[in-house]
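Below is structure.cif, which holds mmCIF, C-alpha atoms.
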data_structure
#
loop_
_atom_site.group_PDB
_atom_site.id
_atom_site.type_symbol
_atom_site.label_atom_id
_atom_site.label_comp_id
_atom_site.auth_asym_id
_atom_site.auth_seq_id
_atom_site.Cartn_x
_atom_site.Cartn_y
_atom_site.Cartn_z
ATOM 1 C CA MET A 1 66.972 -1.912 -56.058
ATOM 2 C CA LYS A 2 70.571 -0.729 -55.984
ATOM 3 C CA PHE A 3 72.559 0.881 -53.163
ATOM 4 C CA SER A 4 72.658 4.107 -55.170
ATOM 5 C CA ASP A 5 68.847 4.239 -54.982
ATOM 6 C CA PHE A 6 68.775 4.678 -51.213
ATOM 7 C CA ILE A 7 72.248 5.063 -49.655
ATOM 8 C CA ALA A 8 73.171 8.731 -49.140
ATOM 9 C CA PRO A 9 76.811 9.139 -50.270
ATOM 10 C CA GLN A 10 77.316 12.211 -48.066
ATOM 11 C CA ALA A 11 76.227 10.329 -44.936
ATOM 12 C CA LEU A 12 78.702 7.418 -44.979
ATOM 13 C CA LEU A 13 80.688 6.757 -41.787
ATOM 14 C CA PRO A 14 83.770 4.588 -42.453
ATOM 15 C CA ILE A 15 85.135 5.199 -38.953
ATOM 16 C CA LEU A 16 82.362 5.010 -36.374
ATOM 17 C CA GLY A 17 83.327 6.436 -32.985
ATOM 18 C CA SER A 18 80.439 4.955 -31.011
ATOM 19 C CA THR A 19 80.778 2.041 -28.632
ATOM 20 C CA THR A 20 77.149 1.362 -27.686
ATOM 21 C CA LYS A 21 73.999 0.403 -29.539
ATOM 22 C CA GLU A 22 72.123 3.616 -28.794
ATOM 23 C CA SER A 23 75.067 5.886 -29.571
ATOM 24 C CA VAL A 24 75.849 4.241 -32.891
ATOM 25 C CA ILE A 25 72.221 4.630 -33.965
ATOM 26 C CA GLY A 26 72.461 8.296 -32.980
ATOM 27 C CA GLU A 27 75.716 8.712 -34.899
ATOM 28 C CA LEU A 28 74.207 7.204 -38.055
ATOM 29 C CA VAL A 29 71.010 9.270 -37.821
ATOM 30 C CA ASP A 30 73.095 12.409 -37.240
ATOM 31 C CA ALA A 31 74.934 11.672 -40.489
ATOM 32 C CA LEU A 32 71.597 11.543 -42.308
ATOM 33 C CA VAL A 33 70.678 14.880 -40.710
ATOM 34 C CA SER A 34 73.927 16.661 -41.566
ATOM 35 C CA SER A 35 73.767 15.366 -45.147
ATOM 36 C CA GLY A 36 70.270 16.828 -45.495
ATOM 37 C CA ASN A 37 68.411 13.517 -45.856
ATOM 38 C CA VAL A 38 66.524 13.828 -42.575
ATOM 39 C CA VAL A 39 65.401 17.099 -41.010
ATOM 40 C CA ALA A 40 66.985 17.930 -37.662
ATOM 41 C CA SER A 41 63.615 18.234 -35.899
ATOM 42 C CA ASP A 42 62.899 14.532 -36.651
ATOM 43 C CA ARG A 43 66.237 13.323 -35.278
ATOM 44 C CA ASP A 44 65.178 12.374 -31.752
ATOM 45 C CA ASP A 45 61.907 10.851 -32.881
ATOM 46 C CA ILE A 46 63.649 8.664 -35.472
ATOM 47 C CA ILE A 47 66.243 7.468 -32.950
ATOM 48 C CA ARG A 48 63.445 6.640 -30.493
ATOM 49 C CA ALA A 49 61.539 4.708 -33.171
ATOM 50 C CA ILE A 50 64.642 2.747 -34.192
ATOM 51 C CA MET A 51 65.402 1.844 -30.560
ATOM 52 C CA LYS A 52 61.783 0.775 -30.081
ATOM 53 C CA ARG A 53 62.076 -1.477 -33.116
ATOM 54 C CA GLU A 54 65.258 -2.992 -31.645
ATOM 55 C CA GLU A 55 63.304 -3.922 -28.518
ATOM 56 C CA LEU A 56 61.125 -6.217 -30.653
ATOM 57 C CA GLY A 57 64.232 -8.142 -31.648
ATOM 58 C CA SER A 58 67.722 -7.069 -32.600
ATOM 59 C CA THR A 59 68.373 -6.195 -36.224
ATOM 60 C CA GLY A 60 71.889 -7.535 -35.696
ATOM 61 C CA ILE A 61 71.429 -10.382 -38.155
ATOM 62 C CA GLY A 62 74.804 -12.050 -37.747
ATOM 63 C CA ARG A 63 78.021 -12.018 -39.774
ATOM 64 C CA GLY A 64 78.894 -8.777 -37.968
ATOM 65 C CA VAL A 65 76.034 -6.946 -39.660
ATOM 66 C CA ALA A 66 73.198 -4.862 -38.244
ATOM 67 C CA VAL A 67 70.368 -3.194 -40.139
ATOM 68 C CA PRO A 68 68.657 -0.816 -37.686
ATOM 69 C CA HIS A 69 65.586 0.693 -39.324
ATOM 70 C CA THR A 70 62.237 2.341 -38.909
ATOM 71 C CA LYS A 71 59.384 3.855 -40.822
ATOM 72 C CA HIS A 72 58.926 7.581 -40.386
ATOM 73 C CA VAL A 73 56.605 10.162 -41.882
ATOM 74 C CA GLY A 74 59.496 12.633 -42.051
ATOM 75 C CA VAL A 75 60.960 11.032 -45.183
ATOM 76 C CA SER A 76 59.281 10.976 -48.566
ATOM 77 C CA ARG A 77 61.516 8.235 -49.933
ATOM 78 C CA LEU A 78 63.695 5.476 -48.513
ATOM 79 C CA VAL A 79 67.028 6.829 -47.255
ATOM 80 C CA GLY A 80 69.915 5.014 -45.645
ATOM 81 C CA THR A 81 73.533 5.156 -44.692
ATOM 82 C CA VAL A 82 76.417 2.788 -43.994
ATOM 83 C CA GLY A 83 78.812 2.790 -41.046
ATOM 84 C CA VAL A 84 81.826 0.675 -40.153
ATOM 85 C CA SER A 85 83.190 0.028 -36.668
ATOM 86 C CA GLN A 86 86.658 -1.489 -36.454
ATOM 87 C CA GLU A 87 86.242 -2.649 -32.842
ATOM 88 C CA GLY A 88 82.673 -3.843 -33.274
ATOM 89 C CA ILE A 89 79.717 -2.852 -31.102
ATOM 90 C CA ASP A 90 77.560 -5.054 -28.928
ATOM 91 C CA PHE A 91 74.206 -4.992 -30.727
ATOM 92 C CA ASP A 92 72.457 -7.977 -29.065
ATOM 93 C CA SER A 93 72.967 -9.741 -32.386
ATOM 94 C CA LEU A 94 71.234 -13.027 -33.068
ATOM 95 C CA ASP A 95 74.537 -14.918 -33.195
ATOM 96 C CA GLY A 96 75.981 -13.174 -30.125
ATOM 97 C CA HIS A 97 78.816 -11.511 -32.043
ATOM 98 C CA LYS A 98 79.522 -7.794 -32.155
ATOM 99 C CA ALA A 99 78.290 -5.820 -35.154
ATOM 100 C CA GLU A 100 80.877 -4.098 -37.347
ATOM 101 C CA LEU A 101 78.863 -3.183 -40.438
ATOM 102 C CA PHE A 102 75.767 -1.030 -40.098
ATOM 103 C CA PHE A 103 73.095 -0.255 -42.654
ATOM 104 C CA LEU A 104 70.587 2.197 -41.181
ATOM 105 C CA LEU A 105 67.337 2.685 -43.088
ATOM 106 C CA VAL A 106 64.466 5.149 -42.725
ATOM 107 C CA SER A 107 61.486 4.553 -44.983
ATOM 108 C CA PRO A 108 58.127 6.223 -45.572
ATOM 109 C CA PRO A 109 55.321 4.323 -43.785
ATOM 110 C CA ASP A 110 53.430 3.525 -46.972
ATOM 111 C CA ARG A 111 56.269 1.892 -48.931
ATOM 112 C CA PRO A 112 56.856 -1.620 -47.511
ATOM 113 C CA GLY A 113 57.962 -2.837 -50.949
ATOM 114 C CA ASP A 114 60.890 -0.418 -51.118
ATOM 115 C CA HIS A 115 62.034 -1.461 -47.655
ATOM 116 C CA LEU A 116 61.922 -5.131 -48.694
ATOM 117 C CA ARG A 117 63.855 -4.447 -51.888
ATOM 118 C CA ALA A 118 66.532 -2.593 -49.911
ATOM 119 C CA LEU A 119 66.800 -5.511 -47.464
ATOM 120 C CA GLU A 120 66.971 -7.875 -50.436
ATOM 121 C CA ASN A 121 69.867 -5.932 -51.937
ATOM 122 C CA ILE A 122 71.772 -5.550 -48.660
ATOM 123 C CA SER A 123 71.409 -9.223 -47.724
ATOM 124 C CA ARG A 124 72.377 -10.414 -51.215
ATOM 125 C CA GLN A 125 75.629 -8.423 -51.125
ATOM 126 C CA LEU A 126 76.390 -9.371 -47.533
ATOM 127 C CA ARG A 127 76.339 -13.056 -48.399
ATOM 128 C CA ASN A 128 79.511 -12.363 -50.363
ATOM 129 C CA ASP A 129 82.600 -12.612 -48.138
ATOM 130 C CA THR A 130 84.678 -10.398 -50.419
ATOM 131 C CA PHE A 131 82.120 -7.580 -50.215
ATOM 132 C CA CYS A 132 82.062 -7.809 -46.388
ATOM 133 C CA ARG A 133 85.852 -7.852 -46.169
ATOM 134 C CA PHE A 134 86.270 -4.849 -48.456
ATOM 135 C CA LEU A 135 83.598 -2.933 -46.580
ATOM 136 C CA LYS A 136 85.360 -3.580 -43.263
ATOM 137 C CA GLN A 137 88.602 -2.335 -44.821
ATOM 138 C CA SER A 138 87.078 0.926 -46.071
ATOM 139 C CA LYS A 139 88.930 3.965 -44.780
ATOM 140 C CA THR A 140 86.982 6.794 -46.383
ATOM 141 C CA GLY A 141 83.497 7.592 -47.558
ATOM 142 C CA ASP A 142 84.817 7.430 -51.097
ATOM 143 C CA ASP A 143 86.055 3.872 -50.467
ATOM 144 C CA ILE A 144 82.535 2.868 -49.428
ATOM 145 C CA THR A 145 80.926 4.724 -52.333
ATOM 146 C CA GLN A 146 83.231 2.948 -54.766
ATOM 147 C CA LEU A 147 82.531 -0.440 -53.168
ATOM 148 C CA LEU A 148 78.766 0.100 -53.251
ATOM 149 C CA LYS A 149 79.021 1.110 -56.896
ATOM 150 C CA GLU A 150 80.940 -2.053 -57.699
ATOM 151 C CA ALA A 151 78.270 -4.061 -55.869
ATOM 152 C CA ASP A 152 75.575 -2.252 -57.878
ATOM 153 C CA ASP A 153 77.473 -3.240 -61.025
ATOM 154 C CA ASN A 154 77.373 -6.891 -59.905
ATOM 155 C CA HIS A 155 81.108 -7.192 -59.325
ATOM 156 C CA PHE A 156 80.458 -9.548 -56.451
ATOM 157 C CA GLY A 157 78.284 -11.987 -58.344
ATOM 158 C CA SER A 158 75.595 -13.940 -56.500
ATOM 159 C CA MET B 1 68.071 -42.751 -40.606
ATOM 160 C CA SER B 2 64.844 -42.629 -42.523
ATOM 161 C CA GLN B 3 64.314 -39.493 -44.593
ATOM 162 C CA PHE B 4 61.031 -37.864 -45.437
ATOM 163 C CA LEU B 5 60.175 -35.181 -47.881
ATOM 164 C CA SER B 6 57.344 -32.748 -47.372
ATOM 165 C CA THR B 7 56.365 -29.675 -49.389
ATOM 166 C CA ALA B 8 53.741 -26.962 -49.350
ATOM 167 C CA THR B 9 52.879 -23.793 -51.209
ATOM 168 C CA VAL B 10 52.299 -20.699 -49.112
ATOM 169 C CA VAL B 11 51.383 -17.087 -49.820
ATOM 170 C CA VAL B 12 52.800 -14.099 -47.977
ATOM 171 C CA SER B 13 49.640 -12.594 -46.489
ATOM 172 C CA ASN B 14 50.917 -9.894 -44.134
ATOM 173 C CA ALA B 15 51.022 -6.364 -45.549
ATOM 174 C CA GLN B 16 54.695 -5.737 -44.845
ATOM 175 C CA GLY B 17 55.903 -8.884 -46.625
ATOM 176 C CA LEU B 18 58.818 -11.028 -45.461
ATOM 177 C CA HIS B 19 60.747 -8.268 -43.721
ATOM 178 C CA MET B 20 63.243 -8.824 -40.970
ATOM 179 C CA ARG B 21 60.924 -9.780 -38.113
ATOM 180 C CA PRO B 22 58.996 -12.522 -39.949
ATOM 181 C CA ALA B 23 62.254 -13.672 -41.535
ATOM 182 C CA ASN B 24 63.736 -14.044 -38.091
ATOM 183 C CA LEU B 25 60.646 -15.915 -36.918
ATOM 184 C CA LEU B 26 61.005 -18.308 -39.862
ATOM 185 C CA VAL B 27 64.675 -18.940 -39.045
ATOM 186 C CA THR B 28 63.933 -19.583 -35.380
ATOM 187 C CA THR B 29 61.039 -21.881 -36.244
ATOM 188 C CA ALA B 30 62.880 -23.845 -38.931
ATOM 189 C CA GLY B 31 65.860 -24.127 -36.582
ATOM 190 C CA LYS B 32 63.782 -26.186 -34.149
ATOM 191 C CA PHE B 33 63.656 -29.017 -36.656
ATOM 192 C CA THR B 34 66.448 -31.300 -37.757
ATOM 193 C CA SER B 35 65.103 -31.398 -41.310
ATOM 194 C CA ASN B 36 66.671 -29.246 -43.980
ATOM 195 C CA VAL B 37 64.126 -26.598 -44.930
ATOM 196 C CA THR B 38 64.296 -24.530 -48.104
ATOM 197 C CA ILE B 39 62.067 -21.812 -49.491
ATOM 198 C CA VAL B 40 61.728 -21.225 -53.212
ATOM 199 C CA ARG B 41 60.437 -18.087 -54.895
ATOM 200 C CA GLU B 42 60.354 -17.905 -58.670
ATOM 201 C CA GLY B 43 63.127 -20.449 -59.000
ATOM 202 C CA GLN B 44 65.356 -18.909 -56.331
ATOM 203 C CA SER B 45 65.940 -21.371 -53.509
ATOM 204 C CA VAL B 46 67.237 -20.333 -50.078
ATOM 205 C CA ASP B 47 67.913 -21.988 -46.731
ATOM 206 C CA CYS B 48 65.006 -21.295 -44.366
ATOM 207 C CA LYS B 49 67.483 -21.353 -41.471
ATOM 208 C CA SER B 50 69.416 -18.351 -42.858
ATOM 209 C CA ILE B 51 68.034 -14.865 -42.303
ATOM 210 C CA LEU B 52 70.231 -13.414 -45.048
ATOM 211 C CA GLY B 53 68.920 -16.101 -47.364
ATOM 212 C CA ILE B 54 65.270 -15.358 -46.628
ATOM 213 C CA LEU B 55 65.774 -11.608 -46.977
ATOM 214 C CA THR B 56 67.250 -12.079 -50.447
ATOM 215 C CA LEU B 57 63.834 -13.352 -51.586
ATOM 216 C CA GLY B 58 62.382 -9.844 -51.244
ATOM 217 C CA ALA B 59 58.973 -11.479 -50.847
ATOM 218 C CA VAL B 60 56.276 -8.811 -50.799
ATOM 219 C CA GLN B 61 52.649 -9.385 -49.803
ATOM 220 C CA GLY B 62 51.014 -11.787 -52.233
ATOM 221 C CA SER B 63 54.237 -13.607 -53.133
ATOM 222 C CA GLN B 64 53.791 -17.320 -53.644
ATOM 223 C CA LEU B 65 56.514 -19.495 -52.138
ATOM 224 C CA ASP B 66 57.222 -23.210 -52.087
ATOM 225 C CA VAL B 67 58.529 -24.655 -48.862
ATOM 226 C CA HIS B 68 60.396 -27.964 -48.873
ATOM 227 C CA ALA B 69 61.536 -29.950 -45.874
ATOM 228 C CA GLU B 70 63.656 -33.054 -45.946
ATOM 229 C CA GLY B 71 64.444 -35.067 -42.856
ATOM 230 C CA PRO B 72 62.884 -37.114 -40.074
ATOM 231 C CA ASP B 73 60.553 -34.314 -38.907
ATOM 232 C CA ALA B 74 59.735 -32.885 -42.335
ATOM 233 C CA ASP B 75 55.937 -33.153 -41.956
ATOM 234 C CA THR B 76 55.836 -31.306 -38.640
ATOM 235 C CA ALA B 77 58.266 -28.678 -39.925
ATOM 236 C CA ILE B 78 56.084 -27.936 -42.926
ATOM 237 C CA ALA B 79 52.875 -27.885 -40.869
ATOM 238 C CA THR B 80 54.406 -25.424 -38.392
ATOM 239 C CA ILE B 81 55.777 -23.135 -41.104
ATOM 240 C CA VAL B 82 52.520 -23.184 -43.088
ATOM 241 C CA ASP B 83 50.723 -22.170 -39.904
ATOM 242 C CA LEU B 84 53.086 -19.183 -39.478
ATOM 243 C CA PHE B 85 52.289 -17.958 -42.974
ATOM 244 C CA GLN B 86 48.552 -18.494 -42.489
ATOM 245 C CA ARG B 87 48.645 -16.406 -39.318
ATOM 246 C CA GLY B 88 50.476 -13.657 -41.212
ATOM 247 C CA PHE B 89 53.281 -13.975 -38.651
ATOM 248 C CA ASP B 90 50.830 -12.520 -36.122
ATOM 249 C CA GLU B 91 51.360 -9.039 -37.481
ATOM 250 C CA PRO B 92 48.550 -6.509 -37.161
ATOM 251 C CA ALA B 93 46.475 -6.137 -40.335
ATOM 252 C CA GLU B 94 46.891 -2.835 -42.150
#

As structure tokens, what does this structure read like?
Amino acid sequence: MKFSDFIAPQALLPILGSTTKESVIGELVDALVSSGNVVASDRDDIIRAIMKREELGSTGIGRGVAVPHTKHVGVSRLVGTVGVSQEGIDFDSLDGHKAELFFLLVSPPDRPGDHLRALENISRQLRNDTFCRFLKQSKTGDDITQLLKEADDNHFGS
Amino acid sequence: MSQFLSTATVVVSNAQGLHMRPANLLVTTAGKFTSNVTIVREGQSVDCKSILGILTLGAVQGSQLDVHAEGPDADTAIATIVDLFQRGFDEPAE
């Protein structure tokens, strides 16, 4: 699965304004709402579900990366967005470091395979230091779109 | 220091596959042992102590994986990890 299969290009947030875990999740979900990938009436429920999932164990998986996610009946296919925080946000990450790169995913309840393939793609790219560095340096949504496209085209190997 | 090698074949039994929570459980469990632990799926080998590594396997339900441990506590490491897989990571059946 490629980024272009699930990342909504109109929902990218290269300059996150949030400073807390809950607010950054809200900011990312709002971007999916305003880009038309999630309906506004599901917003609060999705945020609640993502926070509940975080209580089971942080999705801050280290290397400054967090992948907050949930299943929700409000989406008919896997949708996601990417956000970048220059200052970093305390996300209770497994390695204790702040998270700077966020991949938020909402998937239909009956498609565990798609969720796994998205995680597979994200984690494969994130193992590449160059990809992480370029993503942190992104200034615009177009920068991120271009970077994700290059990753989809295997420019970062691995 | 004496070195031991232990291996086992496991199958992902839980419906959701090796998503983030079981991957994290594997990392935490493998991290308790001094042995090096690797997981292999269809020729792709990853460090069982790296969550990014495990997630790159994209192991859905039914995937067959080989687990290798090398080190002084290799046998116990493998037995503990095999048990995790057999319990389906204690996830509810769906």

Picked residues, the PyMOL selection byres ((chain B) within 8 of (chain A)), as JSON, numbers by chain: {"B": [15, 16, 17, 18, 19, 20, 21, 51, 52, 53, 55, 56, 57, 58, 59, 60]}

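Closest approach to Ile47 (chain A) from the set A:Val82, A:Leu147, A:Leu105, A:Ala11 is made by A:Leu105, with distances taken over all atoms listed in the file.
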
Test item: the PyMOL selection byres ((chain A and resi 51) around 12) resolved as a PyMOL selection string: chain A and resi 21-26+29+44-50+52-59+67-70+91+104

re CA of Val84 (chain A) and CA of Lys149 (chain A): distance 17.0 Å

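Closest approach to Val65 (chain A) among A:Asn128, A:Asn37, A:Gln146, A:Ser93: A:Ser93, based on only C-alpha atoms.
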
Box along x, y and z, 5 Å on every side, all listed atoms of region 99-115 of chain A inside: centre and edge lengths in Å to one decimal, as JSON.
{"center_x": 67.2, "center_y": 0.2, "center_z": -43.1, "size_x": 37.4, "size_y": 22.0, "size_z": 26.0}

Output check: residues returned by the PyMOL selection byres ((chain B and resi 42) around 10), as a PyMOL selection string: chain B and resi 40-41+43-45+57+63-66

Give me the residues near Ser35 (chain B) as a ChimeraX atom specification, where near means some atom within 9 Å (using all atoms listed in the file) and where sequence neighbours in that chain fewer than 4 positions away do not count. /B:3-4,30-31,69-74,77

Rank A:Asp142, A:Thr81, A:Leu101, A:Gly96 by their smallest atom-to-atom distance to Ala66 (chain A), using all atoms listed in the file, and report the top residue only. A:Leu101

Report, in Å to a single decimal, how far apart CA of Glu91 (chain B) and CA of Asn36 (chain B) are. 26.2 Å

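Of note, CA of Cys132 (chain A) and CA of Asp30 (chain A) are spaced 23.9 Å apart.
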
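The list of residues within 7 Å of (58.2, -29.7, -47.9), counted using all atoms listed in the file, is Leu5, Ser6, Thr7, Ala8, Val67, His68, Ala69, Glu70, Ala74 and Ile78 of chain B.
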
Which neighbours of Pro9 (chain A) fall inside 12 Å, counting only C-alpha atoms, when residues of the same chain fewer than 2 positions from it are skipped, and could you give them as a PyMOL selection string? chain A and resi 3-7+11-14+31-32+34-37+79-83+140-149

Saved selection, atoms kept: C-alpha atoms, as a PDB file, keeping the file's coordinate frame:
ATOM      1  CA  PHE A   3      72.559   0.881 -53.163  1.00  0.00           C
ATOM      2  CA  SER A   4      72.658   4.107 -55.170  1.00  0.00           C
ATOM      3  CA  ASP A   5      68.847   4.239 -54.982  1.00  0.00           C
ATOM      4  CA  PHE A   6      68.775   4.678 -51.213  1.00  0.00           C
ATOM      5  CA  ILE A   7      72.248   5.063 -49.655  1.00  0.00           C
ATOM      6  CA  ALA A  11      76.227  10.329 -44.936  1.00  0.00           C
ATOM      7  CA  LEU A  12      78.702   7.418 -44.979  1.00  0.00           C
ATOM      8  CA  LEU A  13      80.688   6.757 -41.787  1.00  0.00           C
ATOM      9  CA  PRO A  14      83.770   4.588 -42.453  1.00  0.00           C
ATOM     10  CA  ALA A  31      74.934  11.672 -40.489  1.00  0.00           C
ATOM     11  CA  LEU A  32      71.597  11.543 -42.308  1.00  0.00           C
ATOM     12  CA  SER A  34      73.927  16.661 -41.566  1.00  0.00           C
ATOM     13  CA  SER A  35      73.767  15.366 -45.147  1.00  0.00           C
ATOM     14  CA  GLY A  36      70.270  16.828 -45.495  1.00  0.00           C
ATOM     15  CA  ASN A  37      68.411  13.517 -45.856  1.00  0.00           C
ATOM     16  CA  VAL A  79      67.028   6.829 -47.255  1.00  0.00           C
ATOM     17  CA  GLY A  80      69.915   5.014 -45.645  1.00  0.00           C
ATOM     18  CA  THR A  81      73.533   5.156 -44.692  1.00  0.00           C
ATOM     19  CA  VAL A  82      76.417   2.788 -43.994  1.00  0.00           C
ATOM     20  CA  GLY A  83      78.812   2.790 -41.046  1.00  0.00           C
ATOM     21  CA  THR A 140      86.982   6.794 -46.383  1.00  0.00           C
ATOM     22  CA  GLY A 141      83.497   7.592 -47.558  1.00  0.00           C
ATOM     23  CA  ASP A 142      84.817   7.430 -51.097  1.00  0.00           C
ATOM     24  CA  ASP A 143      86.055   3.872 -50.467  1.00  0.00           C
ATOM     25  CA  ILE A 144      82.535   2.868 -49.428  1.00  0.00           C
ATOM     26  CA  THR A 145      80.926   4.724 -52.333  1.00  0.00           C
ATOM     27  CA  GLN A 146      83.231   2.948 -54.766  1.00  0.00           C
ATOM     28  CA  LEU A 147      82.531  -0.440 -53.168  1.00  0.00           C
ATOM     29  CA  LEU A 148      78.766   0.100 -53.251  1.00  0.00           C
ATOM     30  CA  LYS A 149      79.021   1.110 -56.896  1.00  0.00           C
TER      31      LYS A 149
END

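Closest approach to Ile81 (chain B) among B:Lys49, B:Leu26, B:Gln61, B:Ile54 is made by B:Leu26 (distances from only C-alpha atoms).
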
Is it possible to add N, CA and C atoms to region 35-51 of chain A and hand it back as a short mmCIF file (atom, residue, chain, number, x, y, z; two decimals), keeping the file's coordinate frame?
data_model
loop_
_atom_site.label_atom_id
_atom_site.label_comp_id
_atom_site.auth_asym_id
_atom_site.auth_seq_id
_atom_site.Cartn_x
_atom_site.Cartn_y
_atom_site.Cartn_z
N SER A 35 73.71 15.46 -43.69
CA SER A 35 73.77 15.37 -45.15
C SER A 35 72.47 15.84 -45.80
N GLY A 36 71.50 16.26 -44.95
CA GLY A 36 70.27 16.83 -45.50
C GLY A 36 69.22 15.81 -45.90
N ASN A 37 69.38 14.54 -45.48
CA ASN A 37 68.41 13.52 -45.86
C ASN A 37 67.28 13.36 -44.84
N VAL A 38 67.53 13.86 -43.63
CA VAL A 38 66.52 13.83 -42.58
C VAL A 38 66.55 15.21 -41.93
N VAL A 39 65.38 15.77 -41.63
CA VAL A 39 65.40 17.10 -41.01
C VAL A 39 65.74 16.98 -39.53
N ALA A 40 66.46 17.98 -39.03
CA ALA A 40 66.98 17.93 -37.66
C ALA A 40 65.88 17.74 -36.62
N SER A 41 64.69 18.32 -36.90
CA SER A 41 63.62 18.23 -35.90
C SER A 41 63.06 16.81 -35.76
N ASP A 42 63.35 15.93 -36.73
CA ASP A 42 62.90 14.53 -36.65
C ASP A 42 63.94 13.62 -36.00
N ARG A 43 65.12 14.16 -35.75
CA ARG A 43 66.24 13.32 -35.28
C ARG A 43 65.87 12.46 -34.07
N ASP A 44 65.44 13.11 -33.00
CA ASP A 44 65.18 12.37 -31.75
C ASP A 44 64.06 11.35 -31.92
N ASP A 45 63.04 11.75 -32.68
CA ASP A 45 61.91 10.85 -32.88
C ASP A 45 62.32 9.60 -33.67
N ILE A 46 63.18 9.79 -34.66
CA ILE A 46 63.65 8.66 -35.47
C ILE A 46 64.51 7.72 -34.63
N ILE A 47 65.40 8.31 -33.81
CA ILE A 47 66.24 7.47 -32.95
C ILE A 47 65.37 6.65 -31.99
N ARG A 48 64.36 7.33 -31.41
CA ARG A 48 63.44 6.64 -30.49
C ARG A 48 62.74 5.49 -31.20
N ALA A 49 62.27 5.74 -32.42
CA ALA A 49 61.54 4.71 -33.17
C ALA A 49 62.45 3.53 -33.51
N ILE A 50 63.70 3.83 -33.87
CA ILE A 50 64.64 2.75 -34.19
C ILE A 50 64.94 1.91 -32.94
N MET A 51 65.14 2.58 -31.80
CA MET A 51 65.40 1.84 -30.56
C MET A 51 64.20 0.98 -30.17
#
